[in-house]
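A.B. asks: Provided below: query_15.csv, containing CSV, C-alpha atoms.
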chain,number,residue,atom,x,y,z
A,1,LEU,CA,-10.1,54.1,0.6
A,2,PRO,CA,-7.9,53.3,-2.5
A,3,GLU,CA,-7.7,49.6,-3.3
A,4,ASN,CA,-5.3,47.6,-1.1
A,5,GLU,CA,-5.0,50.4,1.4
A,6,SER,CA,-6.2,50.7,5.0
A,7,ILE,CA,-5.8,53.0,8.0
A,8,ASN,CA,-4.5,51.7,11.3
A,9,PHE,CA,-6.3,53.4,14.2
A,10,ILE,CA,-7.5,52.9,17.7
A,11,PRO,CA,-11.1,53.2,18.9
A,12,TRP,CA,-12.1,56.8,19.8
A,13,GLN,CA,-9.7,58.4,17.2
A,14,TYR,CA,-10.8,60.7,14.4
A,15,ILE,CA,-9.9,61.7,10.8
A,16,MET,CA,-9.4,65.2,9.3
A,17,PHE,CA,-11.3,65.7,6.0
A,18,SER,CA,-10.9,68.3,3.3
A,19,PHE,CA,-11.9,68.6,-0.3
A,20,PRO,CA,-9.1,68.6,-3.0
A,21,ASP,CA,-10.7,71.3,-5.0
A,22,GLY,CA,-10.4,73.9,-2.2
A,23,VAL,CA,-14.1,74.7,-2.2
A,24,GLU,CA,-16.0,75.3,1.1
A,25,SER,CA,-13.5,78.1,2.0
A,26,ASN,CA,-10.7,75.5,2.0
A,27,ARG,CA,-11.9,74.2,5.3
A,28,THR,CA,-11.1,71.0,7.1
A,29,LYS,CA,-13.3,69.1,9.5
A,30,PHE,CA,-12.8,66.4,12.0
A,31,PHE,CA,-15.1,63.3,12.1
A,32,SER,CA,-14.8,60.5,14.6
A,33,ILE,CA,-14.4,57.0,13.2
A,34,SER,CA,-17.3,54.7,14.0
A,35,SER,CA,-16.1,51.5,12.3
A,36,PRO,CA,-13.9,49.1,14.3
A,37,PRO,CA,-10.1,48.9,13.7
A,38,LEU,CA,-10.5,45.4,12.2
A,39,SER,CA,-12.1,46.9,9.1
A,40,GLN,CA,-9.9,46.6,6.0
A,41,GLY,CA,-10.1,48.9,3.0
A,42,TRP,CA,-12.7,51.2,4.4
A,43,ILE,CA,-13.6,53.4,7.3
A,44,GLU,CA,-17.0,54.7,8.5
A,45,VAL,CA,-17.7,58.1,9.9
A,46,THR,CA,-21.0,59.7,11.0
A,47,VAL,CA,-21.9,63.1,9.5
A,48,LYS,CA,-24.6,65.4,10.8
A,49,ARG,CA,-25.8,67.8,8.1
A,50,GLU,CA,-25.3,71.2,9.8
A,51,GLY,CA,-23.4,73.4,7.3
A,52,PRO,CA,-22.0,73.6,3.8
A,53,PHE,CA,-19.0,71.2,4.5
A,54,SER,CA,-21.0,68.5,6.2
A,55,THR,CA,-23.8,68.8,3.6
A,56,ARG,CA,-21.3,68.2,0.9
A,57,MET,CA,-19.9,65.2,2.8
A,58,THR,CA,-23.4,63.6,2.9
A,59,LYS,CA,-23.7,64.0,-0.9
A,60,LEU,CA,-20.5,62.2,-1.8
A,61,GLN,CA,-20.8,59.4,-4.3
A,62,VAL,CA,-18.6,56.3,-5.1
A,63,ASP,CA,-15.3,57.5,-6.6
A,64,ASP,CA,-15.6,61.0,-5.4
A,65,LYS,CA,-12.4,62.1,-3.7
A,66,VAL,CA,-11.6,63.7,-0.4
A,67,LYS,CA,-8.3,64.3,1.4
A,68,ILE,CA,-7.9,62.6,4.8
A,69,ARG,CA,-5.3,63.0,7.5
A,70,GLY,CA,-5.0,60.9,10.6
A,71,PRO,CA,-5.8,59.1,12.6
A,72,ILE,CA,-5.7,61.7,15.4
A,73,GLY,CA,-6.5,61.6,19.1
A,74,HIS,CA,-4.9,60.4,22.3
A,75,PHE,CA,-8.0,59.7,24.4
A,76,VAL,CA,-8.5,56.2,23.1
A,77,PHE,CA,-9.7,52.8,24.2
A,78,LYS,CA,-6.8,50.4,25.0
A,79,ASP,CA,-6.9,46.6,25.3
A,80,GLU,CA,-5.4,46.8,28.8
A,81,TYR,CA,-8.5,48.5,30.1
A,82,LYS,CA,-10.3,45.8,32.1
A,83,GLN,CA,-12.7,48.0,33.9
A,84,ASP,CA,-16.5,48.4,33.4
A,85,LEU,CA,-17.2,51.0,30.7
A,86,VAL,CA,-19.9,53.5,31.1
A,87,MET,CA,-20.4,55.2,27.7
A,88,ILE,CA,-22.5,58.4,27.6
A,89,ALA,CA,-23.4,59.8,24.2
A,90,GLY,CA,-25.6,62.5,22.7
A,91,GLY,CA,-26.6,62.6,19.1
A,92,THR,CA,-23.7,62.0,16.7
A,93,GLY,CA,-21.5,61.7,19.7
A,94,LEU,CA,-22.4,58.0,19.5
A,95,ALA,CA,-19.9,57.6,16.5
A,96,PRO,CA,-16.6,57.1,18.4
A,97,ILE,CA,-18.3,55.0,21.0
A,98,MET,CA,-19.7,52.7,18.3
A,99,SER,CA,-16.1,52.1,17.2
A,100,MET,CA,-15.1,51.1,20.7
A,101,ILE,CA,-18.1,48.8,21.3
A,102,ARG,CA,-17.7,47.1,17.9
A,103,TYR,CA,-14.1,46.6,18.6
A,104,ILE,CA,-14.8,45.1,22.1
A,105,VAL,CA,-17.5,42.8,20.7
A,106,ASN,CA,-15.5,41.7,17.7
A,107,ASN,CA,-12.5,40.8,19.9
A,108,LYS,CA,-14.6,39.2,22.6
A,109,LEU,CA,-13.1,41.4,25.3
A,110,PRO,CA,-14.4,40.9,28.8
A,111,ASN,CA,-15.4,44.5,29.6
A,112,ARG,CA,-19.0,45.1,30.8
A,113,ILE,CA,-20.5,48.0,28.9
A,114,LYS,CA,-23.3,50.4,29.9
A,115,LEU,CA,-24.4,52.6,27.0
A,116,LEU,CA,-26.4,55.7,27.8
A,117,TYR,CA,-27.6,57.4,24.7
A,118,SER,CA,-29.8,60.5,24.2
A,119,ALA,CA,-31.4,61.4,20.9
A,120,ARG,CA,-34.1,63.9,19.9
A,121,SER,CA,-36.6,61.3,19.0
A,122,PRO,CA,-36.8,57.6,17.9
A,123,GLU,CA,-36.2,58.6,14.3
A,124,HIS,CA,-33.0,60.3,15.2
A,125,VAL,CA,-31.5,57.2,16.9
A,126,LEU,CA,-28.3,56.2,15.1
A,127,TYR,CA,-27.1,52.7,14.5
A,128,LYS,CA,-30.4,51.1,15.3
A,129,GLU,CA,-29.5,47.7,14.0
A,130,ASP,CA,-26.3,47.6,16.1
A,131,ILE,CA,-28.2,48.8,19.2
A,132,GLU,CA,-30.7,46.0,18.8
A,133,GLN,CA,-27.9,43.4,18.5
A,134,PHE,CA,-26.2,44.8,21.6
A,135,LYS,CA,-29.4,44.1,23.6
A,136,SER,CA,-28.8,40.4,23.2
A,137,ASN,CA,-25.2,40.6,24.5
A,138,GLU,CA,-25.1,39.9,28.2
A,139,ASN,CA,-22.1,42.2,28.7
A,140,ILE,CA,-23.9,45.2,27.2
A,141,LYS,CA,-26.8,47.2,28.7
A,142,VAL,CA,-28.3,49.9,26.6
A,143,THR,CA,-30.4,52.8,28.0
A,144,LEU,CA,-32.0,55.2,25.5
A,145,THR,CA,-33.7,58.5,26.3
A,146,MET,CA,-35.5,60.9,24.0
A,147,THR,CA,-35.2,64.7,24.5
A,148,ARG,CA,-37.6,66.3,22.0
A,149,LEU,CA,-40.5,64.0,21.5
A,150,GLN,CA,-43.4,65.1,19.3
A,151,GLU,CA,-47.0,63.9,19.6
A,152,LYS,CA,-46.5,61.6,16.6
A,153,ASP,CA,-43.6,59.8,18.3
A,154,LYS,CA,-44.3,56.4,19.8
A,155,TRP,CA,-42.0,56.0,22.8
A,156,ASP,CA,-42.5,54.5,26.2
A,157,GLY,CA,-38.9,54.6,27.4
A,158,TYR,CA,-36.9,57.3,29.2
A,159,LYS,CA,-37.6,60.9,28.4
A,160,GLY,CA,-35.4,63.9,29.0
A,161,ARG,CA,-31.7,64.4,29.2
A,162,ILE,CA,-29.3,62.0,30.8
A,163,ASP,CA,-29.1,62.8,34.5
A,164,ARG,CA,-27.4,61.7,37.7
A,165,GLU,CA,-30.1,59.1,38.5
A,166,MET,CA,-29.8,57.5,35.1
A,167,ILE,CA,-26.0,57.2,35.5
A,168,GLU,CA,-26.3,55.8,39.0
A,169,ASN,CA,-28.7,53.2,37.8
A,170,ASN,CA,-26.1,52.0,35.3
A,171,ILE,CA,-23.1,51.7,37.6
A,172,GLU,CA,-22.3,48.4,39.3
A,173,ASP,CA,-18.8,49.2,40.5
A,174,PHE,CA,-18.1,52.9,40.6
A,175,ASN,CA,-14.4,52.7,41.4
A,176,ASN,CA,-13.8,50.0,38.8
A,177,SER,CA,-15.5,52.0,36.0
A,178,LEU,CA,-14.2,54.2,33.2
A,179,PHE,CA,-16.5,56.9,31.8
A,180,PHE,CA,-16.5,57.8,28.1
A,181,VAL,CA,-18.5,60.9,27.2
A,182,CYS,CA,-19.1,62.3,23.8
A,183,GLY,CA,-21.6,64.9,22.5
A,184,PRO,CA,-22.3,68.6,22.3
A,185,ASP,CA,-20.2,70.9,24.5
A,186,LYS,CA,-22.9,71.6,27.1
A,187,MET,CA,-23.9,68.0,27.4
A,188,VAL,CA,-20.3,66.9,28.0
A,189,ASP,CA,-19.7,69.7,30.5
A,190,ASP,CA,-22.9,68.7,32.4
A,191,MET,CA,-21.8,65.0,32.4
A,192,MET,CA,-18.4,66.0,33.6
A,193,LYS,CA,-19.9,68.0,36.5
A,194,ILE,CA,-22.2,65.2,37.5
A,195,LEU,CA,-19.5,62.5,37.4
A,196,ARG,CA,-17.1,64.7,39.5
A,197,GLU,CA,-19.9,65.3,42.0
A,198,MET,CA,-20.4,61.6,42.2
A,199,GLY,CA,-16.7,61.2,43.1
A,200,ALA,CA,-15.2,60.1,39.7
A,201,LYS,CA,-11.5,60.9,39.4
A,202,ILE,CA,-10.2,62.8,36.4
A,203,GLY,CA,-8.4,59.7,35.3
A,204,GLN,CA,-11.7,57.8,35.1
A,205,ILE,CA,-13.2,60.2,32.6
A,206,LYS,CA,-12.5,60.5,28.9
A,207,VAL,CA,-14.4,63.1,26.8
A,208,GLU,CA,-14.8,64.4,23.3
A,209,LYS,CA,-16.9,67.4,22.4
A,210,TRP,CA,-18.8,68.4,19.3
A,211,GLY,CA,-18.0,72.1,19.5
A,212,ILE,CA,-17.7,73.1,15.9
A,213,VAL,CA,-20.6,73.2,13.5
A,214,GLY,CA,-19.7,72.6,9.9
Turn this file's structure into C-alpha cells for me.

C.D. replies:
Amino acid sequence: LPENESINFIPWQYIMFSFPDGVESNRTKFFSISSPPLSQGWIEVTVKREGPFSTRMTKLQVDDKVKIRGPIGHFVFKDEYKQDLVMIAGGTGLAPIMSMIRYIVNNKLPNRIKLLYSARSPEHVLYKEDIEQFKSNENIKVTLTMTRLQEKDKWDGYKGRIDREMIENNIEDFNNSLFFVCGPDKMVDDMMKILREMGAKIGQIKVEKWGIVG
C-alpha cells in the first residue's frame, strides 16, 4: 500500500485486483485477505498460480502497481460471535480463515476454534509456521488431512477428504457452533450437504467458494 495508507476491513472480506495497464484481457480478480485487520500499511492475500492473471500476480515486485477495490463481502466474522468456530478449508481456501484466526488470537477473543484443513500433500500446506503456532494455543485444535499423497511424501496423519466423521470429531457443542467453509465449489457444496444432514441451521453456516480460475 502507499505510504501512510491502510485499508479497514473485517476478517473474511476480499479485495478486487486489476492491472493498470489493462493487460490480461482487462480482467479483475478477487482474492481473500489473509492478514488480520490490525495490520497497518499492508495487506496479505494468497494467490494460487492457475492462469495468466494469477501468474502475473505471483511475479509482482516491490513498487509494481496494481489497482485494488474493496474490501468487499458481507459474510464476515464479528466480535459479537461468542460461539465455537469450526473452520473448514481446502487449498487456498485457508486464506480468509487465516485472517479470522489471526484476528481472534491477536485480540485474545474467547472463541474456541477447530480448524479442519485439507491439502494435496505436506508440501502444499499453506501457512505452516502459523499452523505450528496454533497447536500450542489451548483454544485452537488443528486437524490436517492430505488428499493426493505420493510415495515420496512422509505423512502419518489423516488421509483423504474432510468427511462427516472428521467434522463430528471436532464438535464439542453442535448448537453453539458456527461453521465457516471455504474452498473449491464441490468441496463447499459437499460440506454444506454434510452439515445440513447433521442438523446445522442455515444461519450457522458461512461459505465462500473458489469458483473462478484465473

A.B. asks: Select, from A:Arg148, A:Arg161, A:Arg56, A:Lys135, the residue with the minimum atom-to-atom distance to Pro122 (chain A), counting all atoms listed in the file.

C.D. replies: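 That would be A:Arg148, the residue with the smallest distance to Pro122 (chain A).
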
A.B. asks: Quote the spacing between CA of Asn139 (chain A) and CA of Phe180 (chain A) in Å to one decimal place.

C.D. replies: 16.6 Å

A.B. asks: Tell me, as a PyMOL selection string, which residues lie within 12 Å of Asn107 (chain A), counting only C-alpha atoms; anything in the same chain fewer than 4 positions away does not count.

C.D. replies: chain A and resi 36-38+79+100-103+111

A.B. asks: Can you work out which one of A:Arg120, A:Lys193, A:Lys141, A:Lys186 has the shortest atom-to-atom distance to Gly160 (chain A), counting only C-alpha atoms?

C.D. replies: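 Of A:Arg120, A:Lys193, A:Lys141, A:Lys186, the one nearest Gly160 (chain A) is A:Arg120, counting only C-alpha atoms.
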
A.B. asks: What's the 12 Å shell around Lys209 (chain A), counting only C-alpha atoms, without same-chain residues fewer than 2 positions away, as number ranges by chain?

C.D. replies: A: 12, 30-32, 75, 88-96, 180-192, 206-207, 211-213

A.B. asks: May I ask for the distance between CA of Ile43 (chain A) and CA of Val105 (chain A), given in Å to one decimal place?

C.D. replies: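 These atoms are spaced 17.5 Å apart.
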
A.B. asks: Residues near Glu138 (chain A), anyone? I mean within 12 Å using only C-alpha atoms, not counting same-chain ones fewer than 4 positions away, as a list in words.

C.D. replies: Val105, Lys108, Pro110, Asn111, Arg112, Ile113, Lys114, Gln133, Phe134 and Val142 of chain A

A.B. asks: Would you mind exporting C-alpha atoms of the selected residues as a tab-separated table (two decimals), in the frame of the given file?

C.D. replies:
chain	number	residue	atom	x	y	z
A	105	VAL	CA	-17.50	42.80	20.70
A	108	LYS	CA	-14.60	39.20	22.60
A	110	PRO	CA	-14.40	40.90	28.80
A	111	ASN	CA	-15.40	44.50	29.60
A	112	ARG	CA	-19.00	45.10	30.80
A	113	ILE	CA	-20.50	48.00	28.90
A	114	LYS	CA	-23.30	50.40	29.90
A	133	GLN	CA	-27.90	43.40	18.50
A	134	PHE	CA	-26.20	44.80	21.60
A	142	VAL	CA	-28.30	49.90	26.60

A.B. asks: Measuring between all atoms listed in the file, which one of A:Glu197, A:Glu44, A:Asp84, A:Asp163 shows the shortest distance to Leu116 (chain A)?

C.D. replies: A:Asp163

A.B. asks: Name the closest residue to Met16 (chain A) among the candidates A:Met87, A:Leu60, A:Ile97, A:Ile68; distances are taken between atoms, counting all atoms listed in the file.

C.D. replies: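 Closest to Met16 (chain A), using all atoms listed in the file: A:Ile68.
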
A.B. asks: Select, counting only C-alpha atoms, all protein, DNA and RNA residues no farther than 10 Å from (-4.7, 59.1, 10.1) in file coordinates, and express the selection as number ranges by chain.

C.D. replies: A: 6-9, 13-16, 68-73

A.B. asks: In Å, how far is it from CA of Phe174 (chain A) to CA of Lys128 (chain A)?

C.D. replies: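 Taking CA of Phe174 (chain A) as the start and CA of Lys128 (chain A) as the end point, the length is 28.2 Å.
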
A.B. asks: Please list as an MDAnalysis selection string every residue within 12 Å of Asp156 (chain A), counting all atoms listed in the file and excluding residues in the same chain fewer than 3 positions away.

C.D. replies: chainID A and resid 121:122 144:146 149 153 159

A.B. asks: Pick out the closest residue to Asn170 (chain A) from this set: A:Val47, A:Ile140, A:Val76, A:Ala119. Count all atoms listed in the file.

C.D. replies: A:Ile140

A.B. asks: I'd like the neighbourhood of Ser18 (chain A) as a PyMOL selection string, where a residue qualifies if any of its atoms comes within 7 Å (using only C-alpha atoms), though same-chain residues fewer than 5 positions away should be ignored.

C.D. replies: chain A and resi 27-29+66-68
